[in-house]
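**Student:** Okay, here's the structure, questions in a sec.
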Protein chains: 2
Amino acid sequence: MGIFEQMRAYGHEQVIFFQHKATGLKSIVAIHDTTAGPALGGCRMRPYASEEEMLLDVLRLSRGMTYKCAIADVDNGGGKCVIWGDPNTDKTPEMFRALGRFVEGLGGRFYTGTDVGTYPQDFVHAKRESSYIVGVPVEYGGSGDSSVPTAFGVMQGIRATAKKLWGQTDLQGRTFAIQGLGKVGAKVAVSLAEEGAHVIATDVVADNIERVRSRVPGLEVVGADAIFSVECDIFVPCALGAVLNDHTIPRLRCRAVVGSANNQLEDEERHGAMLQQRGILYAPDYLVNAGGLIQVADELHGANPERVLAKTTAIYDILLRVYDLAVSRGIPTSVAANQLVEHRLQMVADLKQISVGSVKEA
Amino acid sequence: MGIFEQMRAYGHEQVIFFQHKATGLKSIVAIHDTTAGPALGGCRMRPYASEEEMLLDVLRLSRGMTYKCAIADVDNGGGKCVIWGDPNTDKTPEMFRALGRFVEGLGGRFYTGTDVGTYPQDFVHAKRESSYIVGVPVEYGGSGDSSVPTAFGVMQGIRATAKKLWGQTDLQGRTFAIQGLGKVGAKVAVSLAEEGAHVIATDVVADNIERVRSRVPGLEVVGADAIFSVECDIFVPCALGAVLNDHTIPRLRCRAVVGSANNQLEDEERHGAMLQQRGILYAPDYLVNAGGLIQVADELHGANPERVLAKTTAIYDILLRVYDLAVSRGIPTSVAANQLVEHRLQMVADLKQISVGSVKEA
């Protein structure tokens, strides 16, 4: 399939191929939709098997960012950057400076920062060459660890779900099964314990469990696979993608799924519907985990922690709107979220028409 | 061949695919080399048969612009824009406004204007959305008809060639065979006549001949094919490309070829060498016809006709350097021109190292 054909299929505005001879940088930036504002999305570095695979990844991920920005009420569009190479062996500071120059050359249509395979320190190099870099370490002007707002956003998602399920946000005595006690999962576990909830958790890294044990009274640890079938009120996936699939959904013994992992539904349509049929309330992952995005997006306006807190707090209200829409239309929550996004994008496009209406007279 | 592979083969920095749903714009911008400055190149609109053909065209043309800028001592790199569509049926003002927005979004890394299939008026629309548009009509801030400096550059090429052939620039009594009396060819014909030369010419459009007849005393008109074999001092191709080929070169009865047509050598290597073997001095087209480029490039610095004149005047000196290099190295003039370009690009890159040397310490 040609580039234009793929762009049309996904609705992309712009795809940029970069090559920098001296540093060996090979990168693609995809700008999906700038209706709401400049594109924003992380930069992933992977030893892709082919250019086709690389292109498909950046097209798919950048479209996802449009949805994530729109649902989280962030005034940015979706973009993404991919670098072709092995992050363990091919990475150099010069490569990221070259990347910074290219990003700078896009004149502010695209902002980027870390993603899989890249680290805040890499973007310290990129930032020397560009103003359009986000998520660098605090001492270089970044807004800091994004797991803090992400975990807070998950808690807001849990509170909204509690409200929907039980008519109140009190989590006292409720049981949560957390998959993954990494940076986000651990913070969620501690917050839940602080609110008097019972926490069951799993993590393949023993250290991750030990690190939270003292701060989560009564922590119950189960095996990696057992987490899917423990009886609980809410299942909280904070690790891998595609954990909601044909094998796991029939095993779930929970009322709802609310977690920070990306792309939890293996097949969005099929597994979103399957959860609906089982009567399990699914909190769309890209809304629940938007806290990190809200924080880096906020850097574009001069990072302000109070504003980040306010926008992340709103995940509660937005998720309730998603739940209400799903009920009133009899559709899965994953579909309801997408419909809210599309409605919002259309609204923003219509608003923009006011200022650019003159295009039509040209 | 993948995009990165083609970029490496041609040495490109950046290739950008644009799509704009509302206007149907499908466009590719290729930025070949920005060592010497922001990329500059026209925008061509054609009903390409495929995306591959379109991509190849923009890659090839943008590389050519790097060479043209470098040889003409213009501080720009090579770029080019192509639009996929039929200029007679698919063009709309909105499409060019969308193009302008995309060009604006490149933040000044690329400047564009008219080329085959597009007109200054089209770029009046584009310029409403972007500062990086050149070659619009004078009343919209453009530098005016580029055939004036182009024809002047051809005359400078002819004078340098006369100097090389006969030791003096006087054209009195010399005979010139001009192929094509369009905007550039007509001006060259008039200038030659003013200097007392004898002009033989051909044009498939009868009106073009009539338009110059009164200003070219003694004008001799021949058929479209006969122009290749008329006895003359200098053959001046000002119409089609690929006119110097296996069929025409053996028929030429001239001492030199100096004209404004693009891509005169059907096969650069083969036919450049063939002219050398026949002892016919070939003035590389991309140097001789650089006057138009010099004028639009000058718009980036606030169009100044005196500066355009000075830079176009220098085509005389540069062409003499090409001729001298070809003699001293025993190579075709087409090869000598390319070597001068590569030398100049290396020089500029070395100069830039002075300011960006810190990259190495990063």
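To be explicit about the labels: the chains of the structure tokens are called A, B, and onward in the order shown, and within each one the residues are counted from 1, while ligands get numbers from 1 in the order they are shown.
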Compute the post-superposition RMSD of the C-alpha atoms of chain B relative to chain A, with atoms paired in order and the fit done by least squares.

**Tutor:** 0.1 Å

**Student:** Skipping near chain neighbours, those fewer than 4 positions away, what residues fall within 7 Å of Arg344 (chain B) using only C-alpha atoms, listed as a list in words?

**Tutor:** Ala70, Leu340 and Val348 of chain B

**Student:** Kindly provide, as a ChimeraX atom specification, the residues of chain B having any atom no farther than 9 Å from an atom of chain A, counting only C-alpha atoms.

**Tutor:** /B:2-4,7-8,11-21,26,51-52,93-94,97,102,104-109,125,359-362

**Student:** What does the file look like for those residues with N, CA and C atoms, as a CSV table (one decimal), in the first residue's frame?

**Tutor:**
chain,number,residue,atom,x,y,z
B,2,GLY,N,12.5,1.0,-0.7
B,2,GLY,CA,11.9,1.8,0.4
B,2,GLY,C,12.3,3.3,0.3
B,3,ILE,N,11.6,4.1,1.1
B,3,ILE,CA,11.8,5.5,1.0
B,3,ILE,C,13.3,5.8,1.6
B,4,PHE,N,13.6,5.2,2.7
B,4,PHE,CA,15.0,5.5,3.2
B,4,PHE,C,16.1,5.1,2.3
B,7,MET,N,16.2,7.7,-0.4
B,7,MET,CA,16.8,8.9,0.2
B,7,MET,C,18.3,8.8,0.3
B,8,ARG,N,18.8,7.6,0.7
B,8,ARG,CA,20.2,7.4,0.9
B,8,ARG,C,20.9,7.4,-0.5
B,11,GLY,N,20.9,10.9,-1.5
B,11,GLY,CA,21.5,11.8,-0.5
B,11,GLY,C,20.5,12.8,0.1
B,12,HIS,N,19.2,12.5,0.2
B,12,HIS,CA,18.2,13.4,0.8
B,12,HIS,C,18.2,13.5,2.3
B,13,GLU,N,17.9,14.7,2.8
B,13,GLU,CA,17.7,14.8,4.2
B,13,GLU,C,16.3,14.5,4.7
B,14,GLN,N,15.3,14.9,3.9
B,14,GLN,CA,13.9,14.8,4.4
B,14,GLN,C,12.9,14.7,3.3
B,15,VAL,N,11.9,13.9,3.5
B,15,VAL,CA,10.9,13.8,2.5
B,15,VAL,C,9.6,13.8,3.2
B,16,ILE,N,8.7,14.7,2.8
B,16,ILE,CA,7.4,15.0,3.6
B,16,ILE,C,6.2,14.7,2.7
B,17,PHE,N,5.4,13.8,3.1
B,17,PHE,CA,4.1,13.5,2.5
B,17,PHE,C,3.0,14.4,3.1
B,18,PHE,N,2.3,15.1,2.3
B,18,PHE,CA,1.2,15.9,2.8
B,18,PHE,C,-0.1,15.4,2.3
B,19,GLN,N,-1.2,15.4,3.1
B,19,GLN,CA,-2.5,15.1,2.6
B,19,GLN,C,-3.5,16.1,3.3
B,20,HIS,N,-4.3,16.7,2.5
B,20,HIS,CA,-5.3,17.6,3.1
B,20,HIS,C,-6.7,17.2,2.6
B,21,LYS,N,-7.4,16.6,3.5
B,21,LYS,CA,-8.7,16.0,3.1
B,21,LYS,C,-9.7,16.9,2.4
B,26,LYS,N,-2.7,16.4,-2.4
B,26,LYS,CA,-1.7,15.3,-2.1
B,26,LYS,C,-0.4,15.8,-2.6
B,51,GLU,N,2.3,6.8,-7.2
B,51,GLU,CA,3.1,7.5,-6.1
B,51,GLU,C,4.6,7.3,-6.3
B,52,GLU,N,5.0,6.1,-6.8
B,52,GLU,CA,6.4,5.9,-7.1
B,52,GLU,C,7.0,6.9,-8.1
B,93,PRO,N,-8.1,27.3,-5.7
B,93,PRO,CA,-7.4,28.2,-4.8
B,93,PRO,C,-7.2,27.6,-3.4
B,94,GLU,N,-8.2,26.9,-2.9
B,94,GLU,CA,-8.1,26.3,-1.6
B,94,GLU,C,-7.0,25.3,-1.5
B,97,ARG,N,-4.0,27.2,-0.9
B,97,ARG,CA,-3.9,27.7,0.5
B,97,ARG,C,-3.5,26.6,1.4
B,102,PHE,N,0.9,24.1,4.7
B,102,PHE,CA,1.9,23.0,5.0
B,102,PHE,C,3.3,23.5,4.8
B,104,GLU,N,4.2,26.6,5.3
B,104,GLU,CA,4.5,27.4,6.5
B,104,GLU,C,4.9,26.5,7.7
B,105,GLY,N,4.2,25.4,7.7
B,105,GLY,CA,4.5,24.4,8.8
B,105,GLY,C,5.9,23.9,8.8
B,106,LEU,N,6.6,24.0,7.7
B,106,LEU,CA,8.0,23.6,7.6
B,106,LEU,C,8.9,24.6,8.2
B,107,GLY,N,8.4,25.7,8.6
B,107,GLY,CA,9.1,26.7,9.4
B,107,GLY,C,10.3,27.4,8.7
B,108,GLY,N,10.3,27.4,7.4
B,108,GLY,CA,11.4,28.1,6.7
B,108,GLY,C,12.5,27.2,6.2
B,109,ARG,N,12.3,25.9,6.4
B,109,ARG,CA,13.3,25.0,5.8
B,109,ARG,C,13.2,24.9,4.3
B,125,HIS,N,-2.4,32.5,-3.7
B,125,HIS,CA,-3.2,31.9,-2.7
B,125,HIS,C,-2.4,31.2,-1.6
B,359,VAL,N,28.7,20.1,18.4
B,359,VAL,CA,27.9,18.9,18.3
B,359,VAL,C,28.8,17.7,18.8
B,360,LYS,N,30.1,17.8,18.4
B,360,LYS,CA,31.0,16.7,18.7
B,360,LYS,C,31.2,16.5,20.2
B,361,GLU,N,31.1,17.6,20.9
B,361,GLU,CA,31.4,17.5,22.4
B,361,GLU,C,30.2,17.1,23.2
B,362,ALA,N,29.0,17.0,22.5
B,362,ALA,CA,27.8,16.8,23.2
B,362,ALA,C,27.8,15.4,24.0

**Student:** Tell me, in Å to one decimal, how far CA of Tyr48 (chain B) is from CA of Phe123 (chain B).

**Tutor:**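 It comes out at 21.0 Å.
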
**Student:** Which one of B:Leu55, B:Leu99, B:Gly41, B:Met155 sits closest to Thr23 (chain B) if you count only C-alpha atoms?

**Tutor:**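 Checking each of B:Leu55, B:Leu99, B:Gly41, B:Met155 against Thr23 (chain B), counting only C-alpha atoms, the winner is B:Leu99.
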
**Student:** What lies within 8 Å of Pro284 (chain B) using only C-alpha atoms, ignoring chain neighbours under 5 positions off, as a count of residues only?

**Tutor:** 4

**Student:** With only C-alpha atoms as the atoms that count, which of B:Ala349, B:Ala22, B:Ile209, B:Ala151 lies nearest to Leu309 (chain B)?

**Tutor:**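 Between B:Ala349, B:Ala22, B:Ile209, B:Ala151, the residue approaching Leu309 (chain B) most closely is B:Ala151.
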
**Student:** From a DSSP calculation on the backbone, collect every residue of region 149-273 of chain B in strand (DSSP E or B) and output the set as a list in words.

**Tutor:**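 Taking region 149-273 of chain B and keeping strand (DSSP E or B) only, one gets Thr175, Phe176, Ala177, Ile178, Gln179, His198, Val199, Ile200, Ala201, Thr202, Glu220, Val221, Glu231, Ile234, Phe235, Val236, Pro237, Leu244, Arg253, Ala256, Val257 and Leu265 of chain B.
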
**Student:** Keeping only N, CA and C atoms, write the selected residues to a file as an mmCIF file, in the first residue's frame.

**Tutor:**
data_model
loop_
_atom_site.group_PDB
_atom_site.id
_atom_site.type_symbol
_atom_site.label_atom_id
_atom_site.label_comp_id
_atom_site.auth_asym_id
_atom_site.auth_seq_id
_atom_site.Cartn_x
_atom_site.Cartn_y
_atom_site.Cartn_z
ATOM 1 N N THR B 175 27.477 33.643 -35.727
ATOM 2 C CA THR B 175 26.173 33.071 -36.070
ATOM 3 C C THR B 175 25.656 32.167 -34.949
ATOM 4 N N PHE B 176 24.390 32.372 -34.578
ATOM 5 C CA PHE B 176 23.760 31.612 -33.491
ATOM 6 C C PHE B 176 22.492 30.927 -33.993
ATOM 7 N N ALA B 177 22.342 29.651 -33.611
ATOM 8 C CA ALA B 177 21.126 28.913 -33.979
ATOM 9 C C ALA B 177 20.300 28.702 -32.721
ATOM 10 N N ILE B 178 19.169 29.398 -32.650
ATOM 11 C CA ILE B 178 18.343 29.350 -31.442
ATOM 12 C C ILE B 178 17.154 28.420 -31.631
ATOM 13 N N GLN B 179 17.041 27.446 -30.744
ATOM 14 C CA GLN B 179 15.898 26.536 -30.776
ATOM 15 C C GLN B 179 14.875 27.008 -29.746
ATOM 16 N N HIS B 198 24.425 37.242 -36.122
ATOM 17 C CA HIS B 198 23.463 36.725 -37.087
ATOM 18 C C HIS B 198 22.662 35.627 -36.391
ATOM 19 N N VAL B 199 21.318 35.704 -36.454
ATOM 20 C CA VAL B 199 20.473 34.753 -35.735
ATOM 21 C C VAL B 199 19.682 33.870 -36.690
ATOM 22 N N ILE B 200 19.843 32.562 -36.507
ATOM 23 C CA ILE B 200 19.012 31.569 -37.180
ATOM 24 C C ILE B 200 18.127 30.995 -36.080
ATOM 25 N N ALA B 201 16.841 30.807 -36.345
ATOM 26 C CA ALA B 201 15.974 30.331 -35.265
ATOM 27 C C ALA B 201 14.865 29.439 -35.770
ATOM 28 N N THR B 202 14.290 28.704 -34.824
ATOM 29 C CA THR B 202 13.124 27.884 -35.128
ATOM 30 C C THR B 202 12.177 27.945 -33.945
ATOM 31 N N GLU B 220 16.926 34.520 -39.719
ATOM 32 C CA GLU B 220 16.750 33.414 -40.666
ATOM 33 C C GLU B 220 15.969 32.316 -39.953
ATOM 34 N N VAL B 221 14.841 31.908 -40.520
ATOM 35 C CA VAL B 221 14.007 30.893 -39.872
ATOM 36 C C VAL B 221 14.177 29.546 -40.571
ATOM 37 N N GLU B 231 24.781 25.336 -40.001
ATOM 38 C CA GLU B 231 26.148 25.731 -39.664
ATOM 39 C C GLU B 231 26.074 27.024 -38.850
ATOM 40 N N ILE B 234 27.439 29.015 -32.399
ATOM 41 C CA ILE B 234 26.916 28.482 -31.135
ATOM 42 C C ILE B 234 25.452 28.080 -31.305
ATOM 43 N N PHE B 235 25.154 26.860 -30.858
ATOM 44 C CA PHE B 235 23.779 26.355 -30.839
ATOM 45 C C PHE B 235 23.178 26.723 -29.483
ATOM 46 N N VAL B 236 21.963 27.312 -29.520
ATOM 47 C CA VAL B 236 21.346 27.850 -28.304
ATOM 48 C C VAL B 236 19.975 27.192 -28.054
ATOM 49 N N PRO B 237 19.962 26.043 -27.367
ATOM 50 C CA PRO B 237 18.671 25.390 -27.109
ATOM 51 C C PRO B 237 17.910 26.082 -25.977
ATOM 52 N N LEU B 244 20.181 17.011 -26.690
ATOM 53 C CA LEU B 244 21.537 16.559 -27.023
ATOM 54 C C LEU B 244 21.593 15.056 -26.768
ATOM 55 N N ARG B 253 26.694 21.276 -36.257
ATOM 56 C CA ARG B 253 27.799 21.920 -36.979
ATOM 57 C C ARG B 253 28.074 23.261 -36.293
ATOM 58 N N ALA B 256 29.991 25.300 -30.121
ATOM 59 C CA ALA B 256 29.577 25.235 -28.715
ATOM 60 C C ALA B 256 28.062 25.157 -28.600
ATOM 61 N N VAL B 257 27.600 24.713 -27.424
ATOM 62 C CA VAL B 257 26.176 24.693 -27.102
ATOM 63 C C VAL B 257 25.983 25.480 -25.803
ATOM 64 N N LEU B 265 21.181 17.399 -21.911
ATOM 65 C CA LEU B 265 21.823 16.113 -22.195
ATOM 66 C C LEU B 265 20.842 14.982 -21.886
#

**Student:** Run DSSP on the backbone and grab whatever in region 33-127 of chain A lands in alpha helix (DSSP H); send it over as a ChimeraX atom specification.

**Tutor:** /A:51-71,93-105,120-127

**Student:** For CA of Val138 (chain A) and CA of Gly291 (chain A), quote the distance in Å rounded to one decimal.

**Tutor:**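 Between CA of Val138 (chain A) and CA of Gly291 (chain A) the gap works out to 17.2 Å.
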
**Student:** Compare B:Asp298, B:Glu195, B:Asp73, B:Glu139 by their minimum atom-to-atom distance to Ile315 (chain B), counting only C-alpha atoms, and give me the closest one.

**Tutor:** B:Asp73

**Student:** Excluding Gly79 (chain B) and any residue of its chain fewer than 5 positions from it, enumerate the residues within 9 Å of it, using only C-alpha atoms, and give them as an NGL selection string.

**Tutor:** :B and (29-34 or 38-42 or 58-59 or 61-66 or 110-112)

**Student:** Suppose we keep all heavy atoms; can you now write the selection as a compact mmCIF listing (two decimals), in the first residue's frame?

**Tutor:**
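Result file follows (selection.txt):
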# COMPACT_ATOMS: atom_id res chain seq x y z
N VAL B 29 7.02 17.00 -0.54
CA VAL B 29 8.15 17.93 -0.56
C VAL B 29 9.40 17.12 -0.27
O VAL B 29 9.42 16.35 0.70
CB VAL B 29 7.98 19.05 0.48
CG1 VAL B 29 9.28 19.82 0.68
CG2 VAL B 29 6.87 20.02 0.06
N ALA B 30 10.42 17.27 -1.11
CA ALA B 30 11.70 16.63 -0.83
C ALA B 30 12.72 17.72 -0.55
O ALA B 30 12.82 18.69 -1.31
CB ALA B 30 12.14 15.77 -2.01
N ILE B 31 13.43 17.56 0.54
CA ILE B 31 14.50 18.49 0.91
C ILE B 31 15.80 17.72 0.76
O ILE B 31 16.06 16.78 1.52
CB ILE B 31 14.30 19.01 2.34
CG1 ILE B 31 13.01 19.86 2.40
CG2 ILE B 31 15.51 19.83 2.79
CD1 ILE B 31 12.69 20.40 3.76
N HIS B 32 16.57 18.09 -0.25
CA HIS B 32 17.76 17.29 -0.54
C HIS B 32 18.91 17.61 0.38
O HIS B 32 19.47 16.72 1.02
CB HIS B 32 18.18 17.50 -2.00
CG HIS B 32 19.42 16.73 -2.35
ND1 HIS B 32 20.66 17.34 -2.47
CD2 HIS B 32 19.63 15.42 -2.57
CE1 HIS B 32 21.57 16.42 -2.77
NE2 HIS B 32 20.96 15.25 -2.84
N ASP B 33 19.24 18.89 0.47
CA ASP B 33 20.46 19.25 1.19
C ASP B 33 20.35 20.70 1.64
O ASP B 33 20.15 21.59 0.82
CB ASP B 33 21.66 19.09 0.25
CG ASP B 33 22.99 19.23 0.96
OD1 ASP B 33 23.22 20.28 1.60
OD2 ASP B 33 23.81 18.31 0.86
N THR B 34 20.46 20.92 2.94
CA THR B 34 20.35 22.29 3.44
C THR B 34 21.69 22.80 3.97
O THR B 34 21.73 23.71 4.78
CB THR B 34 19.27 22.40 4.55
OG1 THR B 34 19.61 21.47 5.58
CG2 THR B 34 17.89 22.10 4.01
N PRO B 38 18.45 27.26 3.52
CA PRO B 38 17.13 26.63 3.39
C PRO B 38 16.92 26.10 1.97
O PRO B 38 17.42 26.68 1.00
CB PRO B 38 16.15 27.78 3.65
CG PRO B 38 16.94 28.91 4.17
CD PRO B 38 18.37 28.69 3.88
N ALA B 39 16.18 25.03 1.87
CA ALA B 39 15.93 24.44 0.55
C ALA B 39 15.01 25.35 -0.27
O ALA B 39 14.14 26.02 0.27
CB ALA B 39 15.31 23.07 0.71
N LEU B 40 15.23 25.35 -1.57
CA LEU B 40 14.48 26.18 -2.50
C LEU B 40 14.19 25.38 -3.76
O LEU B 40 15.09 24.70 -4.28
CB LEU B 40 15.32 27.42 -2.84
CG LEU B 40 14.79 28.40 -3.89
CD1 LEU B 40 13.52 29.08 -3.39
CD2 LEU B 40 15.85 29.46 -4.20
N GLY B 41 12.97 25.43 -4.22
CA GLY B 41 12.64 24.73 -5.46
C GLY B 41 11.17 24.89 -5.78
O GLY B 41 10.34 25.03 -4.88
N GLY B 42 10.85 24.86 -7.05
CA GLY B 42 9.49 25.08 -7.50
C GLY B 42 8.55 23.95 -7.15
O GLY B 42 8.96 22.90 -6.66
N VAL B 58 10.23 13.97 -7.58
CA VAL B 58 10.57 14.99 -6.58
C VAL B 58 11.97 14.77 -6.01
O VAL B 58 12.69 15.73 -5.71
CB VAL B 58 9.47 15.09 -5.49
CG1 VAL B 58 9.53 13.92 -4.51
CG2 VAL B 58 9.54 16.42 -4.75
N LEU B 59 12.38 13.51 -5.91
CA LEU B 59 13.73 13.23 -5.42
C LEU B 59 14.77 13.71 -6.43
O LEU B 59 15.75 14.37 -6.08
CB LEU B 59 13.91 11.73 -5.16
CG LEU B 59 13.13 11.13 -3.98
CD1 LEU B 59 13.30 9.62 -3.92
CD2 LEU B 59 13.57 11.75 -2.65
N LEU B 61 14.40 15.93 -8.95
CA LEU B 61 14.37 17.37 -9.18
C LEU B 61 14.97 18.15 -8.00
O LEU B 61 15.64 19.15 -8.20
CB LEU B 61 12.93 17.83 -9.42
CG LEU B 61 12.29 17.34 -10.71
CD1 LEU B 61 10.78 17.59 -10.68
CD2 LEU B 61 12.91 18.03 -11.92
N SER B 62 14.72 17.68 -6.79
CA SER B 62 15.25 18.41 -5.62
C SER B 62 16.76 18.28 -5.55
O SER B 62 17.45 19.23 -5.18
CB SER B 62 14.59 17.90 -4.33
OG SER B 62 14.75 16.50 -4.19
N ARG B 63 17.30 17.13 -5.95
CA ARG B 63 18.75 17.01 -5.99
C ARG B 63 19.33 17.96 -7.03
O ARG B 63 20.34 18.63 -6.81
CB ARG B 63 19.19 15.58 -6.27
CG ARG B 63 20.71 15.46 -6.14
CD ARG B 63 21.21 14.06 -6.34
NE ARG B 63 20.88 13.57 -7.66
CZ ARG B 63 21.39 12.47 -8.19
NH1 ARG B 63 22.24 11.74 -7.47
NH2 ARG B 63 21.06 12.07 -9.38
N GLY B 64 18.65 18.04 -8.18
CA GLY B 64 19.11 18.96 -9.23
C GLY B 64 19.17 20.40 -8.72
O GLY B 64 20.07 21.16 -9.07
N MET B 65 18.23 20.77 -7.85
CA MET B 65 18.22 22.13 -7.31
C MET B 65 19.42 22.39 -6.39
O MET B 65 19.92 23.51 -6.34
CB MET B 65 16.91 22.39 -6.54
CG MET B 65 15.68 22.53 -7.42
SD MET B 65 15.82 23.82 -8.69
CE MET B 65 15.95 25.29 -7.65
N THR B 66 19.87 21.36 -5.68
CA THR B 66 21.07 21.54 -4.85
C THR B 66 22.25 21.91 -5.74
O THR B 66 23.03 22.84 -5.44
CB THR B 66 21.40 20.23 -4.09
OG1 THR B 66 20.34 19.96 -3.18
CG2 THR B 66 22.71 20.37 -3.31
N PHE B 110 12.05 25.30 3.79
CA PHE B 110 11.77 25.10 2.36
C PHE B 110 10.96 26.27 1.81
O PHE B 110 9.95 26.66 2.41
CB PHE B 110 10.99 23.79 2.18
CG PHE B 110 10.52 23.55 0.77
CD1 PHE B 110 11.44 23.37 -0.26
CD2 PHE B 110 9.16 23.51 0.47
CE1 PHE B 110 11.00 23.16 -1.56
CE2 PHE B 110 8.73 23.29 -0.83
CZ PHE B 110 9.66 23.11 -1.85
N TYR B 111 11.42 26.82 0.69
CA TYR B 111 10.72 27.88 -0.03
C TYR B 111 10.30 27.34 -1.39
O TYR B 111 11.07 26.64 -2.04
CB TYR B 111 11.64 29.07 -0.26
CG TYR B 111 11.95 29.88 0.99
CD1 TYR B 111 12.84 29.40 1.94
CD2 TYR B 111 11.34 31.11 1.21
CE1 TYR B 111 13.13 30.14 3.08
CE2 TYR B 111 11.63 31.86 2.36
CZ TYR B 111 12.52 31.36 3.28
OH TYR B 111 12.80 32.09 4.41
N THR B 112 9.10 27.73 -1.84
CA THR B 112 8.67 27.23 -3.14
C THR B 112 7.92 28.29 -3.94
O THR B 112 7.59 29.36 -3.43
CB THR B 112 7.84 25.94 -2.99
OG1 THR B 112 7.74 25.29 -4.26
CG2 THR B 112 6.44 26.23 -2.44

**Student:** Find the spatial neighbours of Gly142 (chain A), counting only C-alpha atoms, within a cut-off of 10 Å - ignore same-chain residues fewer than 4 positions away - and output them as JSON, numbers by chain.

**Tutor:** {"A": [120, 124, 133, 134, 135, 136, 137, 138, 295, 296, 299, 302, 303]}

**Student:** Give the answer as one residue: which of B:Thr114, B:Arg255, B:Val216, B:Gly77 has the shortest atom-to-atom distance to Val230 (chain B), using only C-alpha atoms?

**Tutor:**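 Closest candidate: B:Arg255.
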
**Student:** What gap, in Å, lies between CA of Lys68 (chain B) and CA of Trp166 (chain B)?

**Tutor:**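 Calculated distance between CA of Lys68 (chain B) and CA of Trp166 (chain B) is 27.3 Å.
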
**Student:** Could you pull the residues within 9 Å of Lys164 (chain B), counting only C-alpha atoms, minus those fewer than 6 positions along the same chain, as a list in words?

**Tutor:**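 Using only C-alpha atoms, the neighbours found are Leu320, Tyr323 and Asp324 of chain B.
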
**Student:** At a cut-off of 12 Å, using only C-alpha atoms, what residues contact Thr169 (chain B)? Leave out same-chain residues fewer than 3 positions from it and give the result as a JSON list (two decimals) with C-alpha atoms, in the first residue's frame.

**Tutor:**
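What landed in selection21.json:
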[["chain", "number", "residue", "atom", "x", "y", "z"],
["B", 155, "MET", "CA", 24.00, 35.96, -22.69],
["B", 156, "GLN", "CA", 26.69, 35.81, -19.99],
["B", 157, "GLY", "CA", 27.19, 32.14, -20.81],
["B", 158, "ILE", "CA", 27.50, 33.01, -24.49],
["B", 159, "ARG", "CA", 30.05, 35.75, -23.75],
["B", 160, "ALA", "CA", 32.15, 33.41, -21.60],
["B", 161, "THR", "CA", 32.03, 30.81, -24.35],
["B", 162, "ALA", "CA", 33.08, 33.40, -26.95],
["B", 163, "LYS", "CA", 35.96, 34.38, -24.69],
["B", 164, "LYS", "CA", 37.02, 30.76, -24.43],
["B", 165, "LEU", "CA", 36.66, 30.06, -28.15],
["B", 166, "TRP", "CA", 37.97, 33.26, -29.63],
["B", 172, "GLN", "CA", 29.75, 40.89, -33.99],
["B", 173, "GLY", "CA", 29.31, 38.74, -37.09],
["B", 174, "ARG", "CA", 29.02, 35.45, -35.21],
["B", 192, "LEU", "CA", 22.34, 38.82, -29.93],
["B", 195, "GLU", "CA", 25.37, 42.93, -30.53],
["B", 197, "ALA", "CA", 25.27, 38.72, -34.43],
["B", 316, "TYR", "CA", 30.42, 34.49, -16.97]]
